[in-house]
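J.: Take a look at this one; I'll ask things after.
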Amino acid sequence: RPYPFFWLAPAKKIVVTAHDGYIDLWTIPNTIFWFLLRFFNKYVNAVIGVSEFASREIIYTYHIHPKKVFTVYNGTDSVYRRVPEDEARRVARKYDMEAEKYFIYVGRIQPHKNVKRLVEAYISLRDTTNIKEKLLIIGKSSYGAKEVWDLAQNSQYSKDILFIKYVSLEDLPAFYSLATALVFISLNEGFGLPIVEAMACGTPVITSNSTSLPEVAGGAALLVDPYKVEEIKEAMTMVTTDDNLRKKMVEKGLKRAKIFTWEKYAEENLLLYRRILDLN
């Protein structure tokens with residue numbers, strides 16, 4: 001969030017990074033952020049969006065002139081890399097995680113993350129196939145999480161739907177590396193870091209065909225309609241049964257992930273700052 005009275009800051013120019021223009025819950029901080037950018041953006045010289053989609057959403061939500069909005073893609077930490085299986089399983093055991101195969105989701109459990117439909121797709125997958133993968137959900141609970149938790153606990157596969165609230169940054173690559181696929185079917189994302197993190201670890205990705213996610217995935221993921229449980233399930237089936245598809249997804253994902261580095265992010269921000277400072 002920007003400094004609440006940024007126009008009073010002792011700065012020649014003001015640049016704000018707004019990861020997107022989506023507000024799923026009108027909390028006090030969210031409301032203040034929206035109000036300031038909507039009605040006081042004349043004091044801002046530039047706004048950075050982290051994807052082309054995010055930039056368009058920022059222009060629409062905050063009524064900022066398009067010439068003041070710039071896109072700079074997020075980077076991903078160099079810690080995300082393929083972890084050898086033995087090392088990865090040793091890390092997983094620190095979290096009492098012994099599953100041999102699993103689908104993974106990483107992120108908060110809240111409505112726009114669409115975790116409920118992921119659980120529904122997983123239950124349908126288990127009902128109709130012989131696939132034995134478990135479902136691992138890594139992330140803190142937020143509003144709406146109880147609905148997801150109740151659905152998982154009341155299903156006949158409750159023992160195979162696993163929750164871990166927190167995994168440290170240095171340990172997360174191990175969990176990605178062991179996963180059959182990341183399933184990240186959010187309804188709205190300004191960028192969607194988990195899909196790049198997973199790709200960097202050589203993990204196939206299933207993601208939504210909407211908002212910023214196809215843009216970031218760049219043809220290296222399976223895209224699904226996030227509102228259609230059957231479509232999500234079919235993608236999960238494909239990635240577990242088609243070895244050639246998995247191999248291609250891994251290769252494309254590793255190549256795609258190399259585009260997003262924090263070094264590149266810093267360089268592009270620096271160029272933007274210099275450009276803004278040079279403007280009269």
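Order determines the names: the first chain of the structure tokens is A, the second B, and so forth; residues in each chain are numbered 1 upward, and ligands are numbered 1 upward as they are shown.
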Per residue of range 160-232 of chain A within 9 Å of range 119-140 of chain A, note the shortest atom pair and the distance in Å to one decimal, counting only C-alpha atoms, and order the rows by chain and increasing residue number, as a tab-separated table.
T.:
residue	atom	partner	partner_atom	distance
A:Asp160	CA	A:Lys134	CA	4.9
A:Ile161	CA	A:Leu135	CA	4.8
A:Leu162	CA	A:Leu136	CA	4.8
A:Phe163	CA	A:Ile137	CA	4.9
A:Ile164	CA	A:Ile138	CA	4.8
A:Lys165	CA	A:Gly139	CA	4.7
A:Tyr166	CA	A:Gly139	CA	5.8
A:Val167	CA	A:Ile138	CA	7.3
A:Ala179	CA	A:Leu136	CA	8.8
A:Thr180	CA	A:Glu133	CA	7.9
A:Lys228	CA	A:Ala121	CA	8.9
A:Val229	CA	A:Ala121	CA	5.2
A:Glu230	CA	A:Ala121	CA	6.6
A:Glu231	CA	A:Ala121	CA	8.4
A:Ile232	CA	A:Ala121	CA	6.1
J.: Take the residues just selected and output them with all heavy atoms as a compact mmCIF listing (two decimals), in the first residue's frame.
T.:
# COMPACT_ATOMS: atom_id res chain seq x y z
N ASP A 160 -6.96 -37.75 2.04
CA ASP A 160 -6.07 -37.48 0.91
C ASP A 160 -6.05 -36.01 0.51
O ASP A 160 -5.37 -35.63 -0.43
CB ASP A 160 -6.48 -38.34 -0.29
CG ASP A 160 -6.25 -39.81 -0.06
OD1 ASP A 160 -5.41 -40.15 0.80
OD2 ASP A 160 -6.91 -40.63 -0.72
N ILE A 161 -6.82 -35.20 1.20
CA ILE A 161 -6.81 -33.75 0.96
C ILE A 161 -6.07 -33.12 2.14
O ILE A 161 -6.59 -33.06 3.25
CB ILE A 161 -8.23 -33.18 0.81
CG1 ILE A 161 -8.97 -33.92 -0.31
CG2 ILE A 161 -8.17 -31.68 0.51
CD1 ILE A 161 -10.43 -33.51 -0.46
N LEU A 162 -4.86 -32.68 1.89
CA LEU A 162 -3.95 -32.28 2.95
C LEU A 162 -3.77 -30.77 2.98
O LEU A 162 -3.72 -30.11 1.94
CB LEU A 162 -2.60 -32.96 2.73
CG LEU A 162 -2.65 -34.47 2.44
CD1 LEU A 162 -1.28 -34.98 2.04
CD2 LEU A 162 -3.19 -35.23 3.63
N PHE A 163 -3.66 -30.23 4.18
CA PHE A 163 -3.48 -28.79 4.36
C PHE A 163 -2.21 -28.51 5.16
O PHE A 163 -1.98 -29.13 6.20
CB PHE A 163 -4.67 -28.19 5.12
CG PHE A 163 -5.98 -28.23 4.37
CD1 PHE A 163 -6.77 -29.38 4.38
CD2 PHE A 163 -6.42 -27.13 3.65
CE1 PHE A 163 -7.98 -29.42 3.70
CE2 PHE A 163 -7.63 -27.16 2.97
CZ PHE A 163 -8.41 -28.31 2.99
N ILE A 164 -1.40 -27.61 4.66
CA ILE A 164 -0.24 -27.09 5.40
C ILE A 164 -0.36 -25.57 5.38
O ILE A 164 -0.40 -24.96 4.31
CB ILE A 164 1.10 -27.53 4.78
CG1 ILE A 164 1.22 -29.06 4.78
CG2 ILE A 164 2.26 -26.92 5.55
CD1 ILE A 164 2.50 -29.57 4.13
N LYS A 165 -0.40 -24.95 6.55
CA LYS A 165 -0.61 -23.51 6.61
C LYS A 165 0.59 -22.70 6.13
O LYS A 165 0.44 -21.66 5.50
CB LYS A 165 -0.97 -23.09 8.04
CG LYS A 165 -2.35 -23.54 8.48
CD LYS A 165 -2.66 -23.02 9.87
CE LYS A 165 -4.07 -23.44 10.31
NZ LYS A 165 -4.39 -22.93 11.67
N TYR A 166 1.78 -23.21 6.43
CA TYR A 166 2.96 -22.40 6.10
C TYR A 166 4.14 -23.29 5.76
O TYR A 166 4.42 -24.26 6.46
CB TYR A 166 3.34 -21.49 7.28
CG TYR A 166 4.64 -20.75 7.07
CD1 TYR A 166 4.70 -19.64 6.24
CD2 TYR A 166 5.82 -21.19 7.69
CE1 TYR A 166 5.90 -18.97 6.03
CE2 TYR A 166 7.02 -20.52 7.48
CZ TYR A 166 7.05 -19.41 6.65
OH TYR A 166 8.24 -18.76 6.44
N VAL A 167 4.81 -22.95 4.66
CA VAL A 167 6.07 -23.58 4.27
C VAL A 167 7.06 -22.46 4.01
O VAL A 167 6.75 -21.48 3.31
CB VAL A 167 5.89 -24.45 3.01
CG1 VAL A 167 7.25 -24.93 2.49
CG2 VAL A 167 5.00 -25.65 3.30
N ALA A 179 5.55 -32.50 -6.78
CA ALA A 179 4.15 -32.48 -7.21
C ALA A 179 3.97 -32.98 -8.65
O ALA A 179 4.81 -32.74 -9.52
CB ALA A 179 3.59 -31.07 -7.08
N THR A 180 2.86 -33.63 -8.87
CA THR A 180 2.48 -34.03 -10.23
C THR A 180 2.18 -32.79 -11.06
O THR A 180 2.55 -32.70 -12.23
CB THR A 180 1.24 -34.94 -10.18
OG1 THR A 180 1.57 -36.14 -9.46
CG2 THR A 180 0.77 -35.31 -11.57
N LYS A 228 -15.57 -24.06 -14.44
CA LYS A 228 -16.06 -25.38 -14.87
C LYS A 228 -15.27 -26.50 -14.21
O LYS A 228 -14.14 -26.78 -14.60
CB LYS A 228 -16.00 -25.49 -16.39
CG LYS A 228 -16.94 -24.51 -17.10
CD LYS A 228 -16.89 -24.67 -18.61
CE LYS A 228 -17.86 -23.72 -19.29
NZ LYS A 228 -17.81 -23.84 -20.77
N VAL A 229 -15.88 -27.12 -13.22
CA VAL A 229 -15.22 -28.17 -12.45
C VAL A 229 -14.81 -29.33 -13.35
O VAL A 229 -13.71 -29.89 -13.20
CB VAL A 229 -16.14 -28.65 -11.31
CG1 VAL A 229 -15.57 -29.90 -10.64
CG2 VAL A 229 -16.36 -27.55 -10.29
N GLU A 230 -15.65 -29.69 -14.29
CA GLU A 230 -15.36 -30.82 -15.17
C GLU A 230 -14.11 -30.54 -16.02
O GLU A 230 -13.28 -31.44 -16.23
CB GLU A 230 -16.55 -31.10 -16.09
CG GLU A 230 -16.40 -32.31 -16.98
CD GLU A 230 -16.34 -33.64 -16.22
OE1 GLU A 230 -16.81 -33.69 -15.07
OE2 GLU A 230 -15.83 -34.63 -16.79
N GLU A 231 -13.96 -29.31 -16.47
CA GLU A 231 -12.79 -28.94 -17.28
C GLU A 231 -11.51 -28.99 -16.44
O GLU A 231 -10.46 -29.42 -16.92
CB GLU A 231 -13.01 -27.54 -17.85
CG GLU A 231 -12.17 -27.25 -19.07
CD GLU A 231 -12.59 -25.98 -19.79
OE1 GLU A 231 -13.79 -25.84 -20.09
OE2 GLU A 231 -11.71 -25.14 -20.04
N ILE A 232 -11.61 -28.58 -15.20
CA ILE A 232 -10.46 -28.64 -14.29
C ILE A 232 -10.07 -30.10 -14.07
O ILE A 232 -8.89 -30.46 -14.12
CB ILE A 232 -10.80 -27.95 -12.96
CG1 ILE A 232 -11.15 -26.49 -13.17
CG2 ILE A 232 -9.62 -28.08 -11.97
CD1 ILE A 232 -11.85 -25.83 -12.00
J.: What lies within 12 Å of Ile23 in chain A using only C-alpha atoms, ignoring chain neighbours under 2 positions off, as a list in words?
T.: Ala18, His19, Asp20, Gly21, Leu25, Trp26, Thr27, Ile28, Pro29, Asn30, Thr31, Ile32, Phe33, Trp34, Phe35, Glu57, Ile58, Thr61, Tyr62, Pro111, His112, Asn188, Glu189 and Gly190 of chain A
J.: Using only C-alpha atoms, can you tell me which of A:Lys159, A:Asp96, A:Leu118, A:Ala200 comes closest to Ile259 in chain A?
T.: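 Ranking A:Lys159, A:Asp96, A:Leu118, A:Ala200 by distance to Ile259 in chain A, first place goes to A:Ala200.
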J.: Determine which residues of range 1-191 of chain A DSSP labels as strand (DSSP E or B) from the backbone of this structure, then write them out as an NGL selection string.
T.: :A and (15-17 or 46-49 or 69-71 or 76 or 102-106 or 109 or 134-138 or 141 or 161-164 or 181-184)
J.: Residues of the last selection are to be written out with N, CA and C atoms, as a PDB file, in the first residue's frame.
T.:
ATOM      1  N   VAL A  15       6.084   7.318  -7.782  1.00  0.00           N
ATOM      2  CA  VAL A  15       5.754   6.121  -8.552  1.00  0.00           C
ATOM      3  C   VAL A  15       5.120   5.124  -7.600  1.00  0.00           C
ATOM      4  N   VAL A  16       3.970   4.604  -7.976  1.00  0.00           N
ATOM      5  CA  VAL A  16       3.245   3.636  -7.151  1.00  0.00           C
ATOM      6  C   VAL A  16       3.146   2.312  -7.904  1.00  0.00           C
ATOM      7  N   THR A  17       3.427   1.200  -7.223  1.00  0.00           N
ATOM      8  CA  THR A  17       3.187  -0.126  -7.790  1.00  0.00           C
ATOM      9  C   THR A  17       1.863  -0.635  -7.264  1.00  0.00           C
ATOM     10  N   ALA A  46       3.610   8.064 -12.018  1.00  0.00           N
ATOM     11  CA  ALA A  46       3.531   6.799 -12.739  1.00  0.00           C
ATOM     12  C   ALA A  46       2.982   5.707 -11.818  1.00  0.00           C
ATOM     13  N   VAL A  47       2.250   4.783 -12.424  1.00  0.00           N
ATOM     14  CA  VAL A  47       1.758   3.608 -11.700  1.00  0.00           C
ATOM     15  C   VAL A  47       2.243   2.380 -12.440  1.00  0.00           C
ATOM     16  N   ILE A  48       2.830   1.449 -11.704  1.00  0.00           N
ATOM     17  CA  ILE A  48       3.354   0.218 -12.299  1.00  0.00           C
ATOM     18  C   ILE A  48       2.376  -0.913 -12.073  1.00  0.00           C
ATOM     19  N   GLY A  49       2.008  -1.591 -13.150  1.00  0.00           N
ATOM     20  CA  GLY A  49       1.244  -2.827 -13.074  1.00  0.00           C
ATOM     21  C   GLY A  49       2.176  -3.983 -13.352  1.00  0.00           C
ATOM     22  N   VAL A  69       0.502   4.770 -16.831  1.00  0.00           N
ATOM     23  CA  VAL A  69       0.544   3.377 -16.349  1.00  0.00           C
ATOM     24  C   VAL A  69       1.535   2.571 -17.181  1.00  0.00           C
ATOM     25  N   PHE A  70       2.417   1.853 -16.485  1.00  0.00           N
ATOM     26  CA  PHE A  70       3.478   1.084 -17.134  1.00  0.00           C
ATOM     27  C   PHE A  70       3.460  -0.354 -16.614  1.00  0.00           C
ATOM     28  N   THR A  71       3.875  -1.265 -17.458  1.00  0.00           N
ATOM     29  CA  THR A  71       3.914  -2.677 -17.068  1.00  0.00           C
ATOM     30  C   THR A  71       5.353  -3.130 -16.841  1.00  0.00           C
ATOM     31  N   THR A  76      10.925 -13.864 -10.102  1.00  0.00           N
ATOM     32  CA  THR A  76      10.781 -14.983  -9.176  1.00  0.00           C
ATOM     33  C   THR A  76      12.144 -15.276  -8.561  1.00  0.00           C
ATOM     34  N   TYR A 102       1.078 -36.075  -5.599  1.00  0.00           N
ATOM     35  CA  TYR A 102       0.007 -35.154  -5.219  1.00  0.00           C
ATOM     36  C   TYR A 102      -0.067 -33.983  -6.195  1.00  0.00           C
ATOM     37  N   PHE A 103      -1.261 -33.418  -6.281  1.00  0.00           N
ATOM     38  CA  PHE A 103      -1.443 -32.117  -6.904  1.00  0.00           C
ATOM     39  C   PHE A 103      -1.214 -31.073  -5.823  1.00  0.00           C
ATOM     40  N   ILE A 104      -0.723 -29.911  -6.216  1.00  0.00           N
ATOM     41  CA  ILE A 104      -0.416 -28.891  -5.225  1.00  0.00           C
ATOM     42  C   ILE A 104      -1.106 -27.576  -5.576  1.00  0.00           C
ATOM     43  N   TYR A 105      -1.544 -26.872  -4.552  1.00  0.00           N
ATOM     44  CA  TYR A 105      -2.017 -25.499  -4.673  1.00  0.00           C
ATOM     45  C   TYR A 105      -1.248 -24.681  -3.649  1.00  0.00           C
ATOM     46  N   VAL A 106      -0.790 -23.498  -4.049  1.00  0.00           N
ATOM     47  CA  VAL A 106      -0.060 -22.611  -3.138  1.00  0.00           C
ATOM     48  C   VAL A 106      -0.723 -21.234  -3.172  1.00  0.00           C
ATOM     49  N   ILE A 109      -6.307 -19.250   1.133  1.00  0.00           N
ATOM     50  CA  ILE A 109      -7.587 -19.900   0.889  1.00  0.00           C
ATOM     51  C   ILE A 109      -8.670 -18.846   1.075  1.00  0.00           C
ATOM     52  N   LYS A 134      -2.785 -37.423  -4.202  1.00  0.00           N
ATOM     53  CA  LYS A 134      -3.461 -36.675  -3.154  1.00  0.00           C
ATOM     54  C   LYS A 134      -3.548 -35.215  -3.589  1.00  0.00           C
ATOM     55  N   LEU A 135      -4.185 -34.391  -2.788  1.00  0.00           N
ATOM     56  CA  LEU A 135      -4.264 -32.964  -3.052  1.00  0.00           C
ATOM     57  C   LEU A 135      -3.661 -32.230  -1.863  1.00  0.00           C
ATOM     58  N   LEU A 136      -2.619 -31.452  -2.116  1.00  0.00           N
ATOM     59  CA  LEU A 136      -1.935 -30.701  -1.065  1.00  0.00           C
ATOM     60  C   LEU A 136      -2.221 -29.215  -1.242  1.00  0.00           C
ATOM     61  N   ILE A 137      -2.786 -28.606  -0.224  1.00  0.00           N
ATOM     62  CA  ILE A 137      -3.120 -27.185  -0.236  1.00  0.00           C
ATOM     63  C   ILE A 137      -2.216 -26.481   0.768  1.00  0.00           C
ATOM     64  N   ILE A 138      -1.333 -25.614   0.258  1.00  0.00           N
ATOM     65  CA  ILE A 138      -0.395 -24.889   1.113  1.00  0.00           C
ATOM     66  C   ILE A 138      -0.803 -23.422   1.150  1.00  0.00           C
ATOM     67  N   SER A 141      -5.407 -19.763   5.899  1.00  0.00           N
ATOM     68  CA  SER A 141      -6.839 -19.601   5.730  1.00  0.00           C
ATOM     69  C   SER A 141      -7.209 -18.136   5.814  1.00  0.00           C
ATOM     70  N   ILE A 161      -6.822 -35.196   1.202  1.00  0.00           N
ATOM     71  CA  ILE A 161      -6.808 -33.750   0.961  1.00  0.00           C
ATOM     72  C   ILE A 161      -6.074 -33.115   2.136  1.00  0.00           C
ATOM     73  N   LEU A 162      -4.864 -32.680   1.887  1.00  0.00           N
ATOM     74  CA  LEU A 162      -3.948 -32.282   2.949  1.00  0.00           C
ATOM     75  C   LEU A 162      -3.773 -30.769   2.983  1.00  0.00           C
ATOM     76  N   PHE A 163      -3.657 -30.233   4.179  1.00  0.00           N
ATOM     77  CA  PHE A 163      -3.483 -28.792   4.356  1.00  0.00           C
ATOM     78  C   PHE A 163      -2.209 -28.514   5.156  1.00  0.00           C
ATOM     79  N   ILE A 164      -1.395 -27.607   4.655  1.00  0.00           N
ATOM     80  CA  ILE A 164      -0.241 -27.094   5.400  1.00  0.00           C
ATOM     81  C   ILE A 164      -0.356 -25.574   5.381  1.00  0.00           C
ATOM     82  N   ALA A 181       1.497 -31.812 -10.456  1.00  0.00           N
ATOM     83  CA  ALA A 181       1.191 -30.553 -11.133  1.00  0.00           C
ATOM     84  C   ALA A 181       0.725 -29.529 -10.109  1.00  0.00           C
ATOM     85  N   LEU A 182       0.981 -28.270 -10.405  1.00  0.00           N
ATOM     86  CA  LEU A 182       0.363 -27.175  -9.667  1.00  0.00           C
ATOM     87  C   LEU A 182      -0.988 -26.906 -10.321  1.00  0.00           C
ATOM     88  N   VAL A 183      -2.030 -26.797  -9.500  1.00  0.00           N
ATOM     89  CA  VAL A 183      -3.351 -26.413 -10.019  1.00  0.00           C
ATOM     90  C   VAL A 183      -3.693 -25.071  -9.391  1.00  0.00           C
ATOM     91  N   PHE A 184      -3.588 -24.029 -10.196  1.00  0.00           N
ATOM     92  CA  PHE A 184      -3.780 -22.662  -9.716  1.00  0.00           C
ATOM     93  C   PHE A 184      -4.849 -22.017 -10.589  1.00  0.00           C
TER      94      PHE A 184
END
J.: Residues at most 9 Å from Lys247 in chain A, counting only C-alpha atoms, excluding those fewer than 5 positions away in the same chain, as an MDAnalysis selection string?
T.: chainID A and resid 204 242 252
J.: Please run DSSP on the backbone and report, as number ranges by chain, all residues within range 6-160 of chain A that come out as helix (DSSP H, G or I).
T.: A: 6-8, 28-39, 41-43, 52-62, 66-68, 85-93, 111-113, 115-128, 145-153, 158-160
J.: Identify which of the residues A:Ile14, A:Leu272, A:Ala99, A:Ile64 lies closest to Leu37 in chain A, counting only C-alpha atoms when measuring atom-to-atom distances.
T.: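 Nearest to Leu37 in chain A: A:Ile64.
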J.: Here is a test: counting only C-alpha atoms, which residue of A:Ala266, A:Ala88, A:Ile59, A:Leu222 is nearest to Arg246 in chain A?
T.: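 Result for the nearest residue to Arg246 in chain A: A:Leu222.
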J.: Which one of A:Asn41, A:Asn154, A:Ser177, A:Ser210 sits closest to Gly192 in chain A if you count only C-alpha atoms?
T.: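 Ranked by minimum distance to Gly192 in chain A, first place goes to A:Ser210.
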